[in-house]
Every structure is written in structure tokens, then in C-alpha cells.
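Just below is one structure, and these are the notes that go with it.
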Amino acid sequence: MTLKKLTTATLLLASLGLFAGHAQANLTPQQSAAILKAYDGSDPAGFRQFLGKLAESDLAKADNLADTVKVYLANKPLSADQQNEINRLLGLYTRIKYGKAATETLRELVAIPTFQVEGVPQHENPEFLKIADKIKALAEGFGLAFRNVDNRVYEISLGDNDKEVVGIHAHADVVPVNPDNWKLEDGTRLDPFKVTLVGDRMYGRGTEDDKNGIVVALYALKVAKDEKLPLARQFKLLVDTTEETTGEAIPYYFARNPKPNYNLALDGGYPVVIAEKGYGTVMASFRRRPATGKGAEVTQLTGGLATNQIPSTSVATLLGDNPAALAEGLKKAGDDYVKRNGGDFTIDAKVAGKEVILTVTGVSAHSSEPESGVNPVARMLDFLNGLGDRVPLKHNHITDAARYAADNWGLDYLGKKLGVGFEDAFMGPLTASLTYVGLDQKALKLAVNLRIPKGKPIATIKDELADKLGTWARGSHTSVAFEYSLDEPMYRNPEGEWVKALLDVATQNLGLPHEFGTSAGATSVHDLPNGVQFGLAMPNVKYTGHNDNEFKTVEQFMLDLQIVSEMVARIGQMPKL
């Protein structure tokens, strides 16, 4: 996901009428839990066999399910409420029947390191060819149709081609990793591309963003096919390969294929997210220049590996006449800086031969929810810029970048220091995070990642940024080139029976308020008709998708499998969306 602060918010009173009169399923999360406990470890031969045993149990009698199950097994017409109960039971059945198999499939997909390799187009990357073959084998083994569209999008379909289409969106690419940062507090080291179970947490890159989405959708479609559900529409699972990078794959696909009538991203938040902030980048480029002046020289700088990722560390390399004295001065200045700025990060300096390695350690986060992390890139640049006479530094392209960052962005992630901050009552504030640092033989590039709510025209925001940053560059006599890339936010009016049904499925299973949500993360449905996020992250829980030590809990993964399976059954069989 290029995701994600996830929140739920109450819509305007005028929208509340949308919630009236929707059919309810009678099973509560507690009743579902009782069924899961009773059938845990069982391996029902099929859904009807599962229902037959359930109908004879005390659970069915206590929950008044026996009559509904008997009507279904007799192939008699069901009321809307009864149909929803059957759909919920199908979700529970999928979890019971395929939970272990789905977990193993997730392990297999995570083991394929599908991150961007510099200089290699994604559709030519051997790892993407490998995951395409794996998904093809899974889909065809499940009796589903598979198409590899020029290795940009993998299409898995179920249903008749002449029916309206529901697109389910997930993505196979992941953000890069720094393996050195993948370790637990007790020192346990993790392999980012091997699912490691610690307690209820499945650690591994892609467990939350977004290979879990591919897996649960595949199994949901498998069950729908195996049980011969009378679908009123076709489903297409569209697996994107460039969601975390260029975003080119989905437009490429839709230039050659029709757009689905309805679109669901399993790459965002529960319960149903109808608004996504716009994605933006301000890229500042500082040409390399020889160091001038007196003091130590900063020769190298690292930050995030992607513009949508706040890393856990930022590392600078410095050269000085006396490395030991330089390290000691940086340590003292660092301790003071940490105390003055919250104390929730560390600064360390160590001698390494003739060099000093300066490390700022914060807390990694997805750049869409900067408040959930502690940004070491911003702190490194601000710290370097503020050293002054305590630790004199020669002036070069790295100190130019540090001054730019400190003067215009600072440690603030709301754009207030630059004077571009604003917020929307539903979608929340604009956020601005220093994320990516790239240093090559020609220049240092420093990215600020923006997440933009509705409320101000994109052209106005771009003009404000260009005016303020241009004024700073001229006033500071700094040679810097700026590139701006800003996307419109998405806001959807939540109309239609299908979004009411989605809201029912998610909120009833998860015990969430019956309210639509908003996200700071952009997904592949951002520009598609009738596009919403439908999970798979819980609101008000820190998203680990772009973090070091990314994980998905087993319980949440099982819930996702259960919920998406119920969703396919319910949306697929509704007379009208």
C-alpha cells in the first residue's frame, strides 16, 4: 500500500440515511468465535457437510441458525437475513478449512523478494517472473482463470465474462528492506523474506503490505467456485506489480482492458475507506560540490530506501583530523539535542578507522502516518545543521541539504514550518515527511513525501510550495533544483447497496462502529470508478507495512480470510449493487 493512516470518522448527518434498512446477519463476533472454537482443527469435506454438522449442534439451536441452515440445505429460497447468515457461515468455513493452507501460501509469496531493483524494469525482474508463475499455479490449481498481462498485472478471474465486474485489487511488489534493521528488542534477527512466527505475529516483508491481500482473495474465489455459488457478477483479482514504485502497471492494464464496474482495494483499511489523501513528492536535488571552510567533512548520508517509507535509522559518515575528538564532540552534542527534542530517539557516533559514523535511530513508519514513527532523517539533517561552533563542519552539498531541511521542514510533519499546512474535517491534515536520501556521483536527492487531503486545489498547493521554496533558495544563495509531483485526493460519496453491504460485513465481524473511514494512503483504486478500500488493516492500529519488522498477526490474517470470503459471497449474489 502506498498507505496509511487509518481512521474512522462520522459522516455528515445527511449520509446517515444510507445506513437505514440494510439486511443484517444475526451472527455476532462472539457467536462466530464459538463456532470457530467448536470446529477448530476440523477438516470439513465441503460447505454443505460443515452446515449439516452445524445444524445438529447445540450452537445452531442456541443461535437460531438451525432453521436457516435447513432451508439452505433443502435448496429453498432464503430471506435476505438468512442469506447473510449463510454468507457469514461460508466465511467461517473458509477460515476453518483453509486457514493453514493460506498461511503456507503467504509464506511462499513472502519468500520471493519482489522489490524494485535499480536499472531493471519491474516487468523484467526475475523475481516478478517467479511470483507470476507461483500465482498462476495457485489460481489454476483452484480452478480459476489466470492471465499475465505483459508481466505488469496478473489477472485472476471467476465468473461469466458477460456480467458486470467487481475488481479486487492487491499488489505483489514490496518496499525495499535494510536487513540490518530487522531485529527484535531482545536481539533476535529476522530474515525479511522468511515468515517468522513469534507469538501471534508473522514477521516478513509483505505480510501486511500486500501479499496477504493476494492470498485471502485467492482462497475466497476458490471457495466461491468450489461451492458453485450462483454469482450475479464476475470477480477479477488484479495483482499490481508497481504499486509501491512507479504506479505504471495498472494504467498499462486499463489501456488494454476494460475497467471493472466496482473496485475494492485489499490494501488499505477497515471497515470501508471512501477517501484517500493525494500522494505528493517534493524532490530537492543538490549538485555535488567540493567542501569549503574549516571543520569536519560529511562525506556520506543515508535515509529511507523509498519516498513512502520513514526508516528507523539515518547514517552519516564524517572525516576529520582527529576522529576520536570528532566522535566525542558529536556524542555530547547529540545527547543535548536528544534531550531538547523529546528524548524518543538516539544519536551515536563511533570511530571507524579514519572516519566517524554518526547514526540517528528513530522509529520506522509508513510515510502516510508520520505521527506513528520518529523520523531519523529529519533529525539527522536538523542536527547536522545546528552543530555550529560545537562541531564545525565544512560546507558542501550535504550541509546544503541539511540547511534546506532544517529551515523549511524541521521536525514538523504537518507543513507548518513552511506555512503550507491545512486540514479537512473528515480526511485530516496534510502531512509532509522527509523520507528518501539518494547520493550518487552527481548530486544528493532529498524527498519530502506529502499526503494531501481535500480542501485546497492541487495547483494552489504546488504554487505555494514553489513560491516558498524558491524564495528560500534565492535568499540562502543555495543551488538546488526542485521537482514537484502532486496527485489529487480521492473522495467518494458512499451510495449504493454494495457499500452498505461492505460496511455490514466488516463492522459486524470486527465489532467496529458502523462508520465509513478515511486513509492517508493511496491505493490502485484511487482513480477507478466505484473504488473503495476494504481492509486489510485495522483502524487506529499502527500499520507496519513499510516498517522494519513488518508483521501480520495470525488472528487478523484469519479474520481477513473469513471476511473477504463472506464479502465475495455477499457481493457476488446481491441482485443489485
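All residue names refer to the C-alpha cells as shown: chains lettered A, B, ... in order, residues numbered from 1 in each chain, ligands numbered from 1 in order.
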
Open item on the list: Give me, as a ChimeraX atom specification, the residues of region 460-557 of chain A that a backbone DSSP run labels helix (DSSP H, G or I).
Closed with: /A:460-476,497-510,554-557

- [ ] Return as a PyMOL selection string the full set of residues in region 317-454 of chain A whose backbone-based DSSP assignment is strand (DSSP E).
- [x] chain A and resi 317-319+346-352+355-361+365-366+423-424+428-429+431-439+443-452

- [ ] Could you give me, as a ChimeraX atom specification, the residues within 8 Å of Ala172 (chain A), counting only C-alpha atoms and dropping anything in the same chain fewer than 2 positions from it?
- [x] /A:114,131,170,174,210-211,214,239-241

- [ ] Find the residues near Asp43 (chain A): any atom within 7 Å, counting only C-alpha atoms, skip ones fewer than 2 places away on the same chain, and give them as a PyMOL selection string.
- [x] chain A and resi 41+45+97

Using C-alpha atoms, can you write the selected residues to a file as an mmCIF file, in the first residue's frame?
data_model
loop_
_atom_site.group_PDB
_atom_site.id
_atom_site.type_symbol
_atom_site.label_atom_id
_atom_site.label_comp_id
_atom_site.auth_asym_id
_atom_site.auth_seq_id
_atom_site.Cartn_x
_atom_site.Cartn_y
_atom_site.Cartn_z
ATOM 1 C CA GLY A 41 -8.757 -28.302 13.705
ATOM 2 C CA ALA A 45 -15.226 -32.079 3.180
ATOM 3 C CA LYS A 97 -10.988 -25.291 6.049
#

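In this structure, CA of Gly496 (chain A) sits 29.0 Å away from CA of Glu208 (chain A).
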
- [ ] Work out how far CA of Ile452 (chain A) is from CA of Glu369 (chain A), in Å to one decimal.
- [x] 12.2 Å

Open item on the list: Applying 8 Å and only C-alpha atoms, which residues near region 226-230 of chain A remain after dropping the ones on its own chain fewer than 2 positions away? List them as a ChimeraX atom specification.
Closed with: /A:46-47,222-224,232,569,572-573

Task: Shell around Asp548 (chain A) at 9 Å using only C-alpha atoms, local window under 2 positions removed, as a list in words - done: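 Skipping anything fewer than 2 positions along the chain leaves Val177, Asn178, Pro179, Asn181, Trp182, Lys183, Pro192, Arg205, Pro311, Ser312, Val363, Ser364, Ala365, Thr544, Gly545, His546 and Glu550 of chain A.
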
Requested write-out: C-alpha atoms of the selected residues, as a compact mmCIF listing (two decimals), in the first residue's frame:
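Once everything was written out, this is again-v9.txt:
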# COMPACT_ATOMS: atom_id res chain seq x y z
CA VAL A 177 14.48 -3.55 3.21
CA ASN A 178 17.62 -2.89 5.20
CA PRO A 179 18.23 -6.37 6.66
CA ASN A 181 17.43 -3.21 10.92
CA TRP A 182 15.28 -6.35 11.10
CA LYS A 183 15.79 -7.40 14.69
CA PRO A 192 12.72 -10.10 5.92
CA ARG A 205 8.11 -8.18 4.18
CA PRO A 311 13.29 4.43 8.03
CA SER A 312 14.46 3.53 11.52
CA VAL A 363 11.12 4.56 14.81
CA SER A 364 10.22 3.42 11.31
CA ALA A 365 6.76 4.12 9.91
CA THR A 544 3.64 -1.96 9.88
CA GLY A 545 3.60 -2.33 6.09
CA HIS A 546 6.66 -0.21 5.26
CA GLU A 550 6.74 -5.73 9.27

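The two atoms in question, CA of Gln82 (chain A) and CA of Lys37 (chain A), are spaced 22.5 Å apart.
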
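Closest approach to Val532 (chain A) among A:Asn263, A:Thr94, A:Asn493, A:Thr307: A:Asn263, based on only C-alpha atoms.
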
For Tyr270 (chain A): contacts at 9 Å, only C-alpha atoms, fewer than 6 positions along chain excluded, given as a PDB file with N, CA and C atoms, in the first residue's frame:
ATOM      1  N   LEU A   6      -4.983   5.230   9.100  1.00  0.00           N
ATOM      2  CA  LEU A   6      -6.341   4.724   9.004  1.00  0.00           C
ATOM      3  C   LEU A   6      -7.149   5.269  10.166  1.00  0.00           C
ATOM      4  N   THR A   7      -8.262   5.905   9.857  1.00  0.00           N
ATOM      5  CA  THR A   7      -9.132   6.391  10.907  1.00  0.00           C
ATOM      6  C   THR A   7     -10.558   6.107  10.507  1.00  0.00           C
ATOM      7  N   THR A   8     -11.462   6.112  11.504  1.00  0.00           N
ATOM      8  CA  THR A   8     -12.877   6.114  11.183  1.00  0.00           C
ATOM      9  C   THR A   8     -13.424   7.460  11.614  1.00  0.00           C
ATOM     10  N   LEU A 503     -19.919  -2.423   4.417  1.00  0.00           N
ATOM     11  CA  LEU A 503     -19.842  -1.878   5.762  1.00  0.00           C
ATOM     12  C   LEU A 503     -20.401  -2.864   6.780  1.00  0.00           C
ATOM     13  N   ALA A 506     -17.755  -5.860   7.306  1.00  0.00           N
ATOM     14  CA  ALA A 506     -16.568  -5.505   8.083  1.00  0.00           C
ATOM     15  C   ALA A 506     -16.911  -5.159   9.528  1.00  0.00           C
ATOM     16  N   THR A 507     -17.898  -4.300   9.722  1.00  0.00           N
ATOM     17  CA  THR A 507     -18.172  -3.837  11.085  1.00  0.00           C
ATOM     18  C   THR A 507     -18.745  -4.938  11.966  1.00  0.00           C
ATOM     19  N   LEU A 510     -15.859  -7.414  12.849  1.00  0.00           N
ATOM     20  CA  LEU A 510     -14.756  -6.836  13.608  1.00  0.00           C
ATOM     21  C   LEU A 510     -15.208  -6.050  14.827  1.00  0.00           C
ATOM     22  N   LEU A 512     -16.638  -3.098  14.832  1.00  0.00           N
ATOM     23  CA  LEU A 512     -16.276  -1.692  14.648  1.00  0.00           C
ATOM     24  C   LEU A 512     -17.529  -0.823  14.546  1.00  0.00           C
ATOM     25  N   PHE A 516     -18.012   4.966   7.882  1.00  0.00           N
ATOM     26  CA  PHE A 516     -17.001   4.921   6.832  1.00  0.00           C
ATOM     27  C   PHE A 516     -15.704   5.537   7.340  1.00  0.00           C
ATOM     28  N   GLY A 517     -14.599   5.184   6.676  1.00  0.00           N
ATOM     29  CA  GLY A 517     -13.295   5.658   7.105  1.00  0.00           C
ATOM     30  C   GLY A 517     -12.579   6.449   6.034  1.00  0.00           C
ATOM     31  N   GLN A 533     -11.476   1.247  -0.323  1.00  0.00           N
ATOM     32  CA  GLN A 533     -10.623   0.292   0.390  1.00  0.00           C
ATOM     33  C   GLN A 533     -11.510  -0.599   1.261  1.00  0.00           C
ATOM     34  N   PHE A 534     -11.189  -1.881   1.263  1.00  0.00           N
ATOM     35  CA  PHE A 534     -11.913  -2.835   2.116  1.00  0.00           C
ATOM     36  C   PHE A 534     -10.874  -3.661   2.870  1.00  0.00           C
ATOM     37  N   GLY A 535     -10.309  -3.055   3.937  1.00  0.00           N
ATOM     38  CA  GLY A 535      -9.242  -3.710   4.677  1.00  0.00           C
ATOM     39  C   GLY A 535      -7.933  -3.639   3.890  1.00  0.00           C
ATOM     40  N   LEU A 536      -6.887  -4.253   4.437  1.00  0.00           N
ATOM     41  CA  LEU A 536      -6.985  -5.303   5.439  1.00  0.00           C
ATOM     42  C   LEU A 536      -6.334  -4.886   6.760  1.00  0.00           C
ATOM     43  N   ALA A 537      -6.245  -3.595   7.016  1.00  0.00           N
ATOM     44  CA  ALA A 537      -5.645  -3.115   8.257  1.00  0.00           C
ATOM     45  C   ALA A 537      -6.726  -2.550   9.161  1.00  0.00           C
ATOM     46  N   MET A 538      -6.505  -2.710  10.456  1.00  0.00           N
ATOM     47  CA  MET A 538      -7.476  -2.222  11.430  1.00  0.00           C
ATOM     48  C   MET A 538      -7.273  -0.727  11.676  1.00  0.00           C
ATOM     49  N   PRO A 539      -8.365   0.019  11.831  1.00  0.00           N
ATOM     50  CA  PRO A 539      -8.232   1.440  12.151  1.00  0.00           C
ATOM     51  C   PRO A 539      -7.646   1.636  13.533  1.00  0.00           C
TER      52      PRO A 539
END

Region 441-560 of chain A near region 425-430 of chain A within 8 Å: what's each residue's closest atom pair and its distance in Å to one decimal, counting only C-alpha atoms, ordered by chain then ascending residue number, as a Markdown table?
| residue | atom | partner | partner_atom | distance |
| --- | --- | --- | --- | --- |
| A:Leu450 | CA | A:Leu430 | CA | 7.0 |
| A:Arg451 | CA | A:Leu430 | CA | 5.6 |
| A:Ile452 | CA | A:Leu430 | CA | 4.9 |
| A:Pro453 | CA | A:Met427 | CA | 5.7 |
| A:Lys454 | CA | A:Met427 | CA | 7.3 |
| A:Thr518 | CA | A:Met427 | CA | 5.7 |
| A:Ser519 | CA | A:Met427 | CA | 7.1 |
| A:Ala520 | CA | A:Met427 | CA | 7.8 |

What would the file look like if the residues just selected were written as a PDB file, in the first residue's frame with N, CA and C atoms?
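Written file, selection-v6.pdb:
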ATOM      1  N   LEU A 450       4.430  13.974   0.652  1.00  0.00           N
ATOM      2  CA  LEU A 450       3.225  14.686   1.078  1.00  0.00           C
ATOM      3  C   LEU A 450       2.015  13.761   1.004  1.00  0.00           C
ATOM      4  N   ARG A 451       1.080  13.920   1.915  1.00  0.00           N
ATOM      5  CA  ARG A 451      -0.241  13.297   1.842  1.00  0.00           C
ATOM      6  C   ARG A 451      -1.259  14.428   1.958  1.00  0.00           C
ATOM      7  N   ILE A 452      -2.089  14.586   0.909  1.00  0.00           N
ATOM      8  CA  ILE A 452      -2.857  15.812   0.723  1.00  0.00           C
ATOM      9  C   ILE A 452      -4.350  15.541   0.848  1.00  0.00           C
ATOM     10  N   PRO A 453      -5.036  16.148   1.822  1.00  0.00           N
ATOM     11  CA  PRO A 453      -6.487  15.988   1.932  1.00  0.00           C
ATOM     12  C   PRO A 453      -7.212  16.900   0.949  1.00  0.00           C
ATOM     13  N   LYS A 454      -8.508  16.719   0.846  1.00  0.00           N
ATOM     14  CA  LYS A 454      -9.293  17.634   0.030  1.00  0.00           C
ATOM     15  C   LYS A 454      -9.426  18.967   0.761  1.00  0.00           C
ATOM     16  N   THR A 518     -11.456   7.035   6.425  1.00  0.00           N
ATOM     17  CA  THR A 518     -10.595   7.779   5.520  1.00  0.00           C
ATOM     18  C   THR A 518      -9.168   7.311   5.719  1.00  0.00           C
ATOM     19  N   SER A 519      -8.337   7.454   4.687  1.00  0.00           N
ATOM     20  CA  SER A 519      -6.971   6.942   4.734  1.00  0.00           C
ATOM     21  C   SER A 519      -6.004   7.958   4.159  1.00  0.00           C
ATOM     22  N   ALA A 520      -4.808   7.980   4.711  1.00  0.00           N
ATOM     23  CA  ALA A 520      -3.744   8.812   4.140  1.00  0.00           C
ATOM     24  C   ALA A 520      -2.985   8.079   3.058  1.00  0.00           C
TER      25      ALA A 520
END

TODO: Select, from A:Val338, A:Leu465, A:Ile168, A:Ala55, the residue with the minimum atom-to-atom distance to Ile156 (chain A), counting only C-alpha atoms.
DONE: A:Ile168

TODO: Considering only C-alpha atoms, state which residue in the set A:Gly247, A:Gly199, A:Pro323, A:Gly373 is at the smallest distance from Ala352 (chain A).
DONE: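 Of all the options, A:Pro323 lies closest to Ala352 (chain A).
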
Open item on the list: I'd like to know which of A:Tyr543, A:Tyr219, A:Tyr253, A:Tyr413 is closest to Val564 (chain A), using only C-alpha atoms.
Closed with: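 Checking each candidate against Val564 (chain A), we get A:Tyr219 as the closest.
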
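Minimum distance to Ser157 (chain A) across A:Gln234, A:Ser485, A:Thr246, A:Ser314 (counting only C-alpha atoms) occurs at A:Gln234.
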
- [ ] Select, from A:Thr431, A:Asp160, A:Ile35, A:Asp173, the residue with the minimum atom-to-atom distance to Phe128 (chain A), counting only C-alpha atoms.
- [x]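 Smallest distance to Phe128 (chain A) is found for A:Asp173.
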